[in-house]
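The block underneath contains the structure these notes are about, expressed in C-alpha cells.
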Amino acid sequence: MNLTGLTTNTVYYFKVVATNSGGTTNGSVLSFTPQNTTVAISTTSLPNGNVNSSYSYNLSAQYGTLPYKNWTKTSGTWPTGLSLNASTGEISGTPTTTAIATTLKFTVQDANNVTSAEKTLTLTISAVAP
C-alpha cells in the first residue's frame, strides 16, 4: 500500500484489527511519522570572513541517501581566492577581494543522484582595518 499527500514529520495513527477463525477480534493502535527523503541543503547562513585571512566552512545537507556529492555553486561570483570542494561541500581559500552580501546559490546530490533544491546563501568578506 502506498500513501501519498502526507505531511513529513507529522505523527499519523492507525488501528489494525484482526479476527481469528474462532471469531475473537483484537486490535492495536499503531503510529508512524513520515520523514523527508529528498536531499536538502540545511546550511542556513555563511560566516563572514576577512580579506587575506584563511576562510573555511562546510556546507551541510540532510535527508536523501548518504554520501552527498557534487556540491555545485549554480550562480553568484566568488570573492577571488575562494572555491568549493565538490566532494565535501567545503568553501575554502584565502579571499583577496571584498564581497558585501554576495548572493551565492548551491545544489548538492545524494548517493542516488537526486539533486537538492537550490539554496541561496549570502557571503560577506570584509577588508581588515589597517
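Following the order of the C-alpha cells, chains are lettered A, B, ..., residues in each are numbered from 1, and ligands are numbered from 1.
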Do a neighbour search on Thr124 (chain A) at 12 Å with only C-alpha atoms, toss out local chain neighbours closer than 2 positions, and write the hits as a short mmCIF file (atom, residue, chain, number, x, y, z; two decimals) with N, CA, C and O atoms, in the first residue's frame.
```cif
data_model
loop_
_atom_site.label_atom_id
_atom_site.label_comp_id
_atom_site.auth_asym_id
_atom_site.auth_seq_id
_atom_site.Cartn_x
_atom_site.Cartn_y
_atom_site.Cartn_z
N SER A 45 23.16 29.86 6.92
CA SER A 45 23.91 31.10 6.70
C SER A 45 25.40 30.77 6.58
O SER A 45 25.84 29.70 7.03
N LEU A 46 26.13 31.68 5.97
CA LEU A 46 27.58 31.54 5.86
C LEU A 46 28.25 32.53 6.80
O LEU A 46 27.81 33.68 6.90
N PRO A 47 29.31 32.11 7.48
CA PRO A 47 30.01 33.05 8.35
C PRO A 47 30.75 34.09 7.52
O PRO A 47 31.18 33.82 6.40
N ASN A 48 30.88 35.28 8.07
CA ASN A 48 31.63 36.34 7.40
C ASN A 48 33.12 36.01 7.46
O ASN A 48 33.57 35.24 8.31
N GLY A 49 33.87 36.61 6.55
CA GLY A 49 35.31 36.43 6.54
C GLY A 49 36.00 37.76 6.31
O GLY A 49 35.36 38.80 6.17
N ASN A 50 37.34 37.72 6.27
CA ASN A 50 38.14 38.91 6.05
C ASN A 50 39.11 38.70 4.90
O ASN A 50 39.60 37.58 4.70
N VAL A 51 39.39 39.77 4.18
CA VAL A 51 40.37 39.74 3.10
C VAL A 51 41.72 39.30 3.68
O VAL A 51 42.10 39.69 4.79
N TYR A 55 39.79 31.22 5.04
CA TYR A 55 38.35 31.00 5.22
C TYR A 55 38.06 29.53 4.96
O TYR A 55 38.56 28.95 4.00
N THR A 77 29.10 35.02 -7.82
CA THR A 77 30.53 35.13 -8.09
C THR A 77 31.31 35.06 -6.79
O THR A 77 31.03 35.81 -5.85
N TRP A 78 32.27 34.13 -6.76
CA TRP A 78 33.12 34.00 -5.58
C TRP A 78 34.01 35.24 -5.42
O TRP A 78 34.51 35.76 -6.41
N PRO A 79 34.28 35.64 -4.19
CA PRO A 79 35.38 36.57 -3.99
C PRO A 79 36.66 35.87 -4.45
O PRO A 79 36.81 34.66 -4.24
N PRO A 95 40.48 34.71 0.69
CA PRO A 95 39.91 35.73 -0.19
C PRO A 95 40.83 36.95 -0.28
O PRO A 95 41.38 37.38 0.74
N THR A 97 39.73 39.71 -2.20
CA THR A 97 38.86 40.85 -2.52
C THR A 97 37.67 40.85 -1.55
O THR A 97 37.30 39.81 -1.01
N THR A 98 37.09 42.02 -1.38
CA THR A 98 35.91 42.12 -0.53
C THR A 98 34.68 41.62 -1.27
O THR A 98 34.66 41.56 -2.50
N ALA A 99 33.67 41.29 -0.50
CA ALA A 99 32.38 40.88 -1.05
C ALA A 99 31.33 41.29 -0.02
O ALA A 99 31.36 40.79 1.10
N ILE A 100 30.47 42.19 -0.38
CA ILE A 100 29.47 42.67 0.56
C ILE A 100 28.13 42.03 0.23
O ILE A 100 27.54 42.31 -0.81
N ALA A 101 27.68 41.14 1.10
CA ALA A 101 26.39 40.45 0.94
C ALA A 101 26.24 39.85 -0.45
O ALA A 101 25.22 40.01 -1.12
N THR A 102 27.28 39.14 -0.89
CA THR A 102 27.26 38.49 -2.19
C THR A 102 26.33 37.28 -2.14
O THR A 102 26.46 36.43 -1.27
N THR A 103 25.38 37.21 -3.08
CA THR A 103 24.43 36.11 -3.13
C THR A 103 25.01 34.96 -3.94
O THR A 103 25.43 35.14 -5.08
N LEU A 104 25.04 33.77 -3.31
CA LEU A 104 25.52 32.56 -3.95
C LEU A 104 24.42 31.51 -3.85
O LEU A 104 23.74 31.41 -2.83
N LEU A 121 22.44 31.54 -0.33
CA LEU A 121 23.13 31.99 0.87
C LEU A 121 23.89 33.26 0.55
O LEU A 121 24.25 33.51 -0.61
N THR A 122 24.17 34.06 1.57
CA THR A 122 24.86 35.34 1.39
C THR A 122 26.21 35.29 2.09
O THR A 122 26.31 34.83 3.23
N SER A 126 35.02 41.10 4.39
CA SER A 126 35.31 42.49 4.69
C SER A 126 36.81 42.78 4.62
O SER A 126 37.64 41.89 4.86
N ALA A 127 37.13 44.04 4.34
CA ALA A 127 38.53 44.47 4.41
C ALA A 127 38.92 44.58 5.88
O ALA A 127 38.09 44.93 6.72
#
```
Apply DSSP to the backbone of this structure and, from region 2-114 of chain A, keep only the residues in strand (DSSP E or B); write these as a compact mmCIF listing (two decimals) with all heavy atoms, in the first residue's frame.
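Contents of part_37.txt, freshly written:
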```txt
# COMPACT_ATOMS: atom_id res chain seq x y z
N TYR A 12 1.09 10.04 12.44
CA TYR A 12 -0.18 9.52 11.97
C TYR A 12 -0.49 8.23 12.73
O TYR A 12 0.41 7.41 12.94
CB TYR A 12 -0.14 9.22 10.46
CG TYR A 12 -0.09 10.47 9.63
CD1 TYR A 12 1.13 11.03 9.27
CD2 TYR A 12 -1.26 11.09 9.20
CE1 TYR A 12 1.18 12.18 8.50
CE2 TYR A 12 -1.22 12.24 8.43
CZ TYR A 12 0.00 12.78 8.09
OH TYR A 12 0.05 13.93 7.33
N TYR A 13 -1.73 8.07 13.14
CA TYR A 13 -2.16 6.89 13.88
C TYR A 13 -3.11 6.06 13.03
O TYR A 13 -3.87 6.60 12.23
CB TYR A 13 -2.88 7.31 15.18
CG TYR A 13 -1.99 8.05 16.13
CD1 TYR A 13 -1.90 9.43 16.09
CD2 TYR A 13 -1.21 7.37 17.06
CE1 TYR A 13 -1.07 10.12 16.96
CE2 TYR A 13 -0.38 8.05 17.93
CZ TYR A 13 -0.31 9.43 17.88
OH TYR A 13 0.53 10.10 18.73
N PHE A 14 -3.05 4.76 13.21
CA PHE A 14 -3.98 3.87 12.53
C PHE A 14 -4.25 2.66 13.43
O PHE A 14 -3.48 2.38 14.36
CB PHE A 14 -3.46 3.43 11.16
CG PHE A 14 -2.18 2.65 11.20
CD1 PHE A 14 -2.18 1.27 11.11
CD2 PHE A 14 -0.95 3.30 11.32
CE1 PHE A 14 -1.01 0.54 11.14
CE2 PHE A 14 0.24 2.59 11.34
CZ PHE A 14 0.21 1.20 11.25
N LYS A 15 -5.33 1.99 13.19
CA LYS A 15 -5.70 0.84 14.00
C LYS A 15 -5.72 -0.40 13.13
O LYS A 15 -6.27 -0.39 12.02
CB LYS A 15 -7.07 1.04 14.64
CG LYS A 15 -7.43 -0.05 15.63
CD LYS A 15 -8.70 0.28 16.40
CE LYS A 15 -8.93 -0.76 17.47
NZ LYS A 15 -10.05 -0.42 18.33
N VAL A 16 -5.10 -1.45 13.63
CA VAL A 16 -5.09 -2.75 12.96
C VAL A 16 -5.99 -3.68 13.76
O VAL A 16 -5.83 -3.81 14.97
CB VAL A 16 -3.66 -3.33 12.89
CG1 VAL A 16 -3.66 -4.71 12.28
CG2 VAL A 16 -2.75 -2.39 12.13
N VAL A 17 -6.95 -4.29 13.09
CA VAL A 17 -7.89 -5.20 13.75
C VAL A 17 -7.89 -6.52 12.99
O VAL A 17 -7.92 -6.53 11.76
CB VAL A 17 -9.31 -4.60 13.79
CG1 VAL A 17 -10.29 -5.56 14.43
CG2 VAL A 17 -9.31 -3.27 14.52
N ALA A 18 -7.86 -7.61 13.74
CA ALA A 18 -7.91 -8.93 13.12
C ALA A 18 -8.92 -9.79 13.87
O ALA A 18 -9.10 -9.66 15.07
CB ALA A 18 -6.54 -9.58 13.14
N THR A 19 -9.55 -10.67 13.13
CA THR A 19 -10.48 -11.62 13.73
C THR A 19 -10.00 -13.02 13.38
O THR A 19 -9.75 -13.34 12.21
CB THR A 19 -11.90 -11.41 13.17
OG1 THR A 19 -12.29 -10.05 13.41
CG2 THR A 19 -12.90 -12.35 13.83
N THR A 25 -11.91 -11.03 18.13
CA THR A 25 -11.35 -9.85 17.47
C THR A 25 -10.40 -9.14 18.43
O THR A 25 -10.69 -8.99 19.61
CB THR A 25 -12.48 -8.89 17.05
OG1 THR A 25 -13.35 -9.57 16.14
CG2 THR A 25 -11.94 -7.64 16.39
N ASN A 26 -9.28 -8.72 17.89
CA ASN A 26 -8.31 -7.99 18.69
C ASN A 26 -7.68 -6.92 17.80
O ASN A 26 -7.57 -7.10 16.59
CB ASN A 26 -7.23 -8.94 19.22
CG ASN A 26 -6.49 -8.35 20.41
OD1 ASN A 26 -6.69 -7.20 20.76
ND2 ASN A 26 -5.64 -9.16 21.02
N GLY A 27 -7.27 -5.82 18.39
CA GLY A 27 -6.68 -4.75 17.59
C GLY A 27 -5.66 -3.96 18.37
O GLY A 27 -5.59 -4.04 19.60
N SER A 28 -4.87 -3.22 17.65
CA SER A 28 -3.86 -2.35 18.24
C SER A 28 -3.82 -1.03 17.48
O SER A 28 -4.00 -1.00 16.26
CB SER A 28 -2.47 -2.99 18.15
OG SER A 28 -2.40 -4.15 18.93
N VAL A 29 -3.54 0.03 18.21
CA VAL A 29 -3.33 1.33 17.59
C VAL A 29 -1.83 1.50 17.40
O VAL A 29 -1.05 1.33 18.33
CB VAL A 29 -3.90 2.47 18.46
CG1 VAL A 29 -3.55 3.83 17.87
CG2 VAL A 29 -5.41 2.32 18.60
N LEU A 30 -1.44 1.81 16.18
CA LEU A 30 -0.04 1.99 15.83
C LEU A 30 0.15 3.39 15.26
O LEU A 30 -0.82 4.07 14.90
CB LEU A 30 0.40 0.94 14.82
CG LEU A 30 0.18 -0.52 15.23
CD1 LEU A 30 0.43 -1.45 14.06
CD2 LEU A 30 1.10 -0.88 16.39
N SER A 31 1.40 3.82 15.15
CA SER A 31 1.67 5.14 14.57
C SER A 31 2.91 5.08 13.70
O SER A 31 3.73 4.17 13.80
CB SER A 31 1.85 6.17 15.67
OG SER A 31 3.03 5.90 16.41
N PHE A 32 3.04 6.08 12.85
CA PHE A 32 4.25 6.27 12.06
C PHE A 32 4.42 7.75 11.77
O PHE A 32 3.47 8.53 11.83
CB PHE A 32 4.21 5.45 10.76
CG PHE A 32 3.19 5.93 9.77
CD1 PHE A 32 3.54 6.77 8.74
CD2 PHE A 32 1.86 5.52 9.88
CE1 PHE A 32 2.60 7.21 7.82
CE2 PHE A 32 0.92 5.95 8.96
CZ PHE A 32 1.28 6.80 7.93
N ALA A 40 18.26 17.91 0.92
CA ALA A 40 18.10 19.36 1.05
C ALA A 40 19.34 19.94 1.71
O ALA A 40 19.92 19.33 2.61
CB ALA A 40 16.87 19.69 1.90
N ILE A 41 19.74 21.11 1.27
CA ILE A 41 20.85 21.81 1.92
C ILE A 41 20.32 22.41 3.21
O ILE A 41 19.34 23.14 3.22
CB ILE A 41 21.44 22.88 0.98
CG1 ILE A 41 22.04 22.21 -0.25
CG2 ILE A 41 22.48 23.73 1.72
CD1 ILE A 41 22.52 23.16 -1.32
N GLY A 49 33.87 36.61 6.55
CA GLY A 49 35.31 36.43 6.54
C GLY A 49 36.00 37.76 6.31
O GLY A 49 35.36 38.80 6.17
N ASN A 50 37.34 37.72 6.27
CA ASN A 50 38.14 38.91 6.05
C ASN A 50 39.11 38.70 4.90
O ASN A 50 39.60 37.58 4.70
CB ASN A 50 38.93 39.28 7.31
CG ASN A 50 38.03 39.71 8.44
OD1 ASN A 50 37.16 40.55 8.27
ND2 ASN A 50 38.22 39.12 9.61
N TYR A 55 39.79 31.22 5.04
CA TYR A 55 38.35 31.00 5.22
C TYR A 55 38.06 29.53 4.96
O TYR A 55 38.56 28.95 4.00
CB TYR A 55 37.55 31.86 4.23
CG TYR A 55 36.06 31.79 4.42
CD1 TYR A 55 35.39 32.73 5.20
CD2 TYR A 55 35.30 30.80 3.81
CE1 TYR A 55 34.02 32.68 5.37
CE2 TYR A 55 33.92 30.75 3.98
CZ TYR A 55 33.29 31.69 4.75
OH TYR A 55 31.93 31.63 4.93
N SER A 56 37.28 28.93 5.83
CA SER A 56 36.87 27.54 5.64
C SER A 56 35.51 27.33 6.30
O SER A 56 35.33 27.67 7.48
CB SER A 56 37.90 26.60 6.27
OG SER A 56 37.46 25.26 6.14
N TYR A 57 34.58 26.79 5.53
CA TYR A 57 33.25 26.48 6.05
C TYR A 57 32.66 25.34 5.25
O TYR A 57 32.69 25.36 4.02
CB TYR A 57 32.33 27.72 6.00
CG TYR A 57 31.02 27.46 6.67
CD1 TYR A 57 30.91 27.48 8.06
CD2 TYR A 57 29.89 27.17 5.93
CE1 TYR A 57 29.70 27.22 8.68
CE2 TYR A 57 28.68 26.92 6.54
CZ TYR A 57 28.59 26.94 7.92
OH TYR A 57 27.39 26.67 8.54
N ASN A 58 32.11 24.35 5.95
CA ASN A 58 31.48 23.21 5.29
C ASN A 58 29.98 23.42 5.17
O ASN A 58 29.30 23.59 6.19
CB ASN A 58 31.75 21.92 6.05
CG ASN A 58 33.13 21.39 5.75
OD1 ASN A 58 34.10 21.88 6.28
ND2 ASN A 58 33.20 20.41 4.87
N ALA A 61 24.03 19.15 4.48
CA ALA A 61 22.78 18.71 3.85
C ALA A 61 22.09 17.73 4.80
O ALA A 61 22.67 17.26 5.78
CB ALA A 61 23.06 18.05 2.51
N GLN A 62 20.85 17.42 4.48
CA GLN A 62 20.08 16.46 5.27
C GLN A 62 19.14 15.69 4.34
O GLN A 62 18.90 16.10 3.22
CB GLN A 62 19.30 17.14 6.38
CG GLN A 62 18.30 18.17 5.89
CD GLN A 62 17.69 18.95 7.03
OE1 GLN A 62 18.02 18.78 8.18
NE2 GLN A 62 16.76 19.84 6.69
N LYS A 69 27.21 14.35 -2.62
CA LYS A 69 28.27 14.58 -3.61
C LYS A 69 27.86 15.67 -4.57
O LYS A 69 26.73 16.16 -4.52
CB LYS A 69 28.54 13.29 -4.38
CG LYS A 69 27.30 12.79 -5.14
CD LYS A 69 27.54 11.48 -5.82
CE LYS A 69 26.27 11.04 -6.55
NZ LYS A 69 26.47 9.84 -7.32
N ASN A 70 28.78 16.04 -5.41
CA ASN A 70 28.52 17.02 -6.48
C ASN A 70 27.96 18.33 -5.96
O ASN A 70 26.97 18.85 -6.49
CB ASN A 70 27.63 16.44 -7.57
CG ASN A 70 28.27 15.26 -8.27
OD1 ASN A 70 29.49 15.18 -8.36
ND2 ASN A 70 27.46 14.34 -8.75
N TRP A 71 28.58 18.86 -4.89
CA TRP A 71 28.23 20.19 -4.43
C TRP A 71 28.56 21.16 -5.57
O TRP A 71 29.64 21.10 -6.15
CB TRP A 71 29.02 20.56 -3.19
CG TRP A 71 28.59 19.83 -1.95
CD1 TRP A 71 29.07 18.66 -1.48
CD2 TRP A 71 27.58 20.25 -1.04
NE1 TRP A 71 28.43 18.30 -0.33
CE2 TRP A 71 27.51 19.27 -0.03
CE3 TRP A 71 26.73 21.36 -0.96
CZ2 TRP A 71 26.63 19.37 1.04
CZ3 TRP A 71 25.86 21.45 0.11
CH2 TRP A 71 25.81 20.45 1.09
N THR A 72 27.62 22.05 -5.89
CA THR A 72 27.80 22.96 -7.01
C THR A 72 27.32 24.35 -6.64
O THR A 72 26.27 24.50 -6.01
CB THR A 72 26.98 22.47 -8.23
OG1 THR A 72 27.35 21.12 -8.51
CG2 THR A 72 27.22 23.33 -9.45
N LYS A 73 28.10 25.36 -7.01
CA LYS A 73 27.64 26.74 -6.94
C LYS A 73 26.98 27.01 -8.28
O LYS A 73 27.62 27.00 -9.32
CB LYS A 73 28.79 27.71 -6.70
CG LYS A 73 28.34 29.18 -6.65
CD LYS A 73 29.48 30.13 -6.41
CE LYS A 73 30.50 30.15 -7.50
NZ LYS A 73 30.04 30.65 -8.80
N THR A 74 25.67 27.21 -8.28
CA THR A 74 24.92 27.35 -9.52
C THR A 74 24.83 28.79 -10.00
O THR A 74 24.57 29.03 -11.18
CB THR A 74 23.50 26.78 -9.38
OG1 THR A 74 22.84 27.44 -8.29
CG2 THR A 74 23.55 25.28 -9.11
N SER A 75 25.03 29.75 -9.10
CA SER A 75 25.07 31.15 -9.52
C SER A 75 25.76 31.98 -8.46
O SER A 75 25.89 31.57 -7.31
CB SER A 75 23.68 31.70 -9.84
OG SER A 75 22.94 31.88 -8.66
N LEU A 82 38.48 32.15 -3.20
CA LEU A 82 37.63 31.12 -2.58
C LEU A 82 37.15 30.13 -3.64
O LEU A 82 36.98 30.47 -4.81
CB LEU A 82 36.41 31.74 -1.90
CG LEU A 82 36.66 32.55 -0.65
CD1 LEU A 82 35.32 33.02 -0.05
CD2 LEU A 82 37.44 31.75 0.39
N SER A 83 36.93 28.89 -3.21
CA SER A 83 36.38 27.86 -4.11
C SER A 83 35.58 26.86 -3.29
O SER A 83 35.64 26.84 -2.05
CB SER A 83 37.51 27.16 -4.87
OG SER A 83 38.37 26.50 -3.97
N LEU A 84 34.86 26.00 -3.99
CA LEU A 84 34.00 24.99 -3.38
C LEU A 84 34.53 23.61 -3.73
O LEU A 84 34.74 23.30 -4.90
CB LEU A 84 32.57 25.13 -3.89
CG LEU A 84 31.55 24.08 -3.46
CD1 LEU A 84 31.32 24.14 -1.96
CD2 LEU A 84 30.24 24.27 -4.21
N GLU A 90 33.00 21.88 1.15
CA GLU A 90 33.77 22.87 1.88
C GLU A 90 34.08 24.07 1.00
O GLU A 90 34.58 23.93 -0.12
CB GLU A 90 35.10 22.29 2.38
CG GLU A 90 35.92 23.33 3.15
CD GLU A 90 37.29 22.83 3.55
OE1 GLU A 90 37.79 21.86 2.97
OE2 GLU A 90 37.88 23.46 4.45
N ILE A 91 33.75 25.25 1.52
CA ILE A 91 34.15 26.52 0.90
C ILE A 91 35.45 26.89 1.58
O ILE A 91 35.51 26.98 2.82
CB ILE A 91 33.11 27.62 1.12
CG1 ILE A 91 31.76 27.21 0.52
CG2 ILE A 91 33.59 28.95 0.55
CD1 ILE A 91 30.61 28.12 0.93
N SER A 92 36.51 27.10 0.81
CA SER A 92 37.79 27.40 1.45
C SER A 92 38.68 28.25 0.55
O SER A 92 38.42 28.39 -0.64
CB SER A 92 38.52 26.11 1.81
OG SER A 92 38.85 25.38 0.65
N GLY A 93 39.71 28.78 1.17
CA GLY A 93 40.71 29.58 0.48
C GLY A 93 41.02 30.82 1.27
O GLY A 93 40.59 30.97 2.42
N ALA A 99 33.67 41.29 -0.50
CA ALA A 99 32.38 40.88 -1.05
C ALA A 99 31.33 41.29 -0.02
O ALA A 99 31.36 40.79 1.10
CB ALA A 99 32.33 39.38 -1.29
N ILE A 100 30.47 42.19 -0.38
CA ILE A 100 29.47 42.67 0.56
C ILE A 100 28.13 42.03 0.23
O ILE A 100 27.54 42.31 -0.81
CB ILE A 100 29.37 44.21 0.54
CG1 ILE A 100 30.74 44.85 0.75
CG2 ILE A 100 28.35 44.70 1.56
CD1 ILE A 100 31.43 44.44 2.04
N ALA A 101 27.68 41.14 1.10
CA ALA A 101 26.39 40.45 0.94
C ALA A 101 26.24 39.85 -0.45
O ALA A 101 25.22 40.01 -1.12
CB ALA A 101 25.24 41.38 1.28
N THR A 102 27.28 39.14 -0.89
CA THR A 102 27.26 38.49 -2.19
C THR A 102 26.33 37.28 -2.14
O THR A 102 26.46 36.43 -1.27
CB THR A 102 28.68 38.05 -2.59
OG1 THR A 102 29.48 39.21 -2.72
CG2 THR A 102 28.69 37.27 -3.89
N THR A 103 25.38 37.21 -3.08
CA THR A 103 24.43 36.11 -3.13
C THR A 103 25.01 34.96 -3.94
O THR A 103 25.43 35.14 -5.08
CB THR A 103 23.10 36.58 -3.77
OG1 THR A 103 22.57 37.64 -2.97
CG2 THR A 103 22.10 35.44 -3.85
N LEU A 104 25.04 33.77 -3.31
CA LEU A 104 25.52 32.56 -3.95
C LEU A 104 24.42 31.51 -3.85
O LEU A 104 23.74 31.41 -2.83
CB LEU A 104 26.78 32.05 -3.25
CG LEU A 104 27.94 33.03 -3.14
CD1 LEU A 104 29.01 32.51 -2.18
CD2 LEU A 104 28.54 33.29 -4.50
N LYS A 105 24.26 30.72 -4.91
CA LYS A 105 23.26 29.65 -4.90
C LYS A 105 23.97 28.31 -5.08
O LYS A 105 24.89 28.19 -5.89
CB LYS A 105 22.22 29.86 -6.01
CG LYS A 105 21.36 31.10 -5.78
CD LYS A 105 20.31 31.26 -6.84
CE LYS A 105 19.47 32.50 -6.57
NZ LYS A 105 18.39 32.65 -7.54
N PHE A 106 23.49 27.31 -4.33
CA PHE A 106 24.14 26.00 -4.30
C PHE A 106 23.12 24.88 -4.51
O PHE A 106 21.94 25.03 -4.17
CB PHE A 106 24.81 25.76 -2.94
CG PHE A 106 25.86 26.78 -2.61
CD1 PHE A 106 25.54 27.90 -1.87
CD2 PHE A 106 27.16 26.61 -3.02
CE1 PHE A 106 26.50 28.84 -1.54
CE2 PHE A 106 28.14 27.54 -2.71
CZ PHE A 106 27.81 28.66 -1.97
N THR A 107 23.61 23.73 -5.02
CA THR A 107 22.86 22.48 -5.02
C THR A 107 23.82 21.37 -4.59
O THR A 107 25.04 21.55 -4.57
CB THR A 107 22.28 22.11 -6.41
OG1 THR A 107 23.35 21.98 -7.33
CG2 THR A 107 21.27 23.13 -6.89
N VAL A 108 23.24 20.23 -4.25
CA VAL A 108 24.02 19.03 -3.91
C VAL A 108 23.23 17.82 -4.39
O VAL A 108 22.01 17.91 -4.56
CB VAL A 108 24.29 18.95 -2.39
CG1 VAL A 108 23.00 18.75 -1.60
CG2 VAL A 108 25.31 17.86 -2.07
N GLN A 109 23.92 16.71 -4.60
CA GLN A 109 23.26 15.45 -4.96
C GLN A 109 23.48 14.45 -3.85
O GLN A 109 24.49 14.49 -3.15
CB GLN A 109 23.83 14.88 -6.25
CG GLN A 109 23.42 15.62 -7.48
CD GLN A 109 23.96 14.94 -8.74
OE1 GLN A 109 25.02 14.35 -8.73
NE2 GLN A 109 23.21 15.03 -9.81
```
| note | As a check of understanding: the span from CA of Ala117 (chain A) to CA of Asn85 (chain A) is 18.7 Å
| query | Quick one, how far is CA of Leu59 (chain A) from CA of Ser116 (chain A)? | reply | 12.9 Å
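One finds CA of Thr120 (chain A) at 20.7 Å from CA of Thr37 (chain A).
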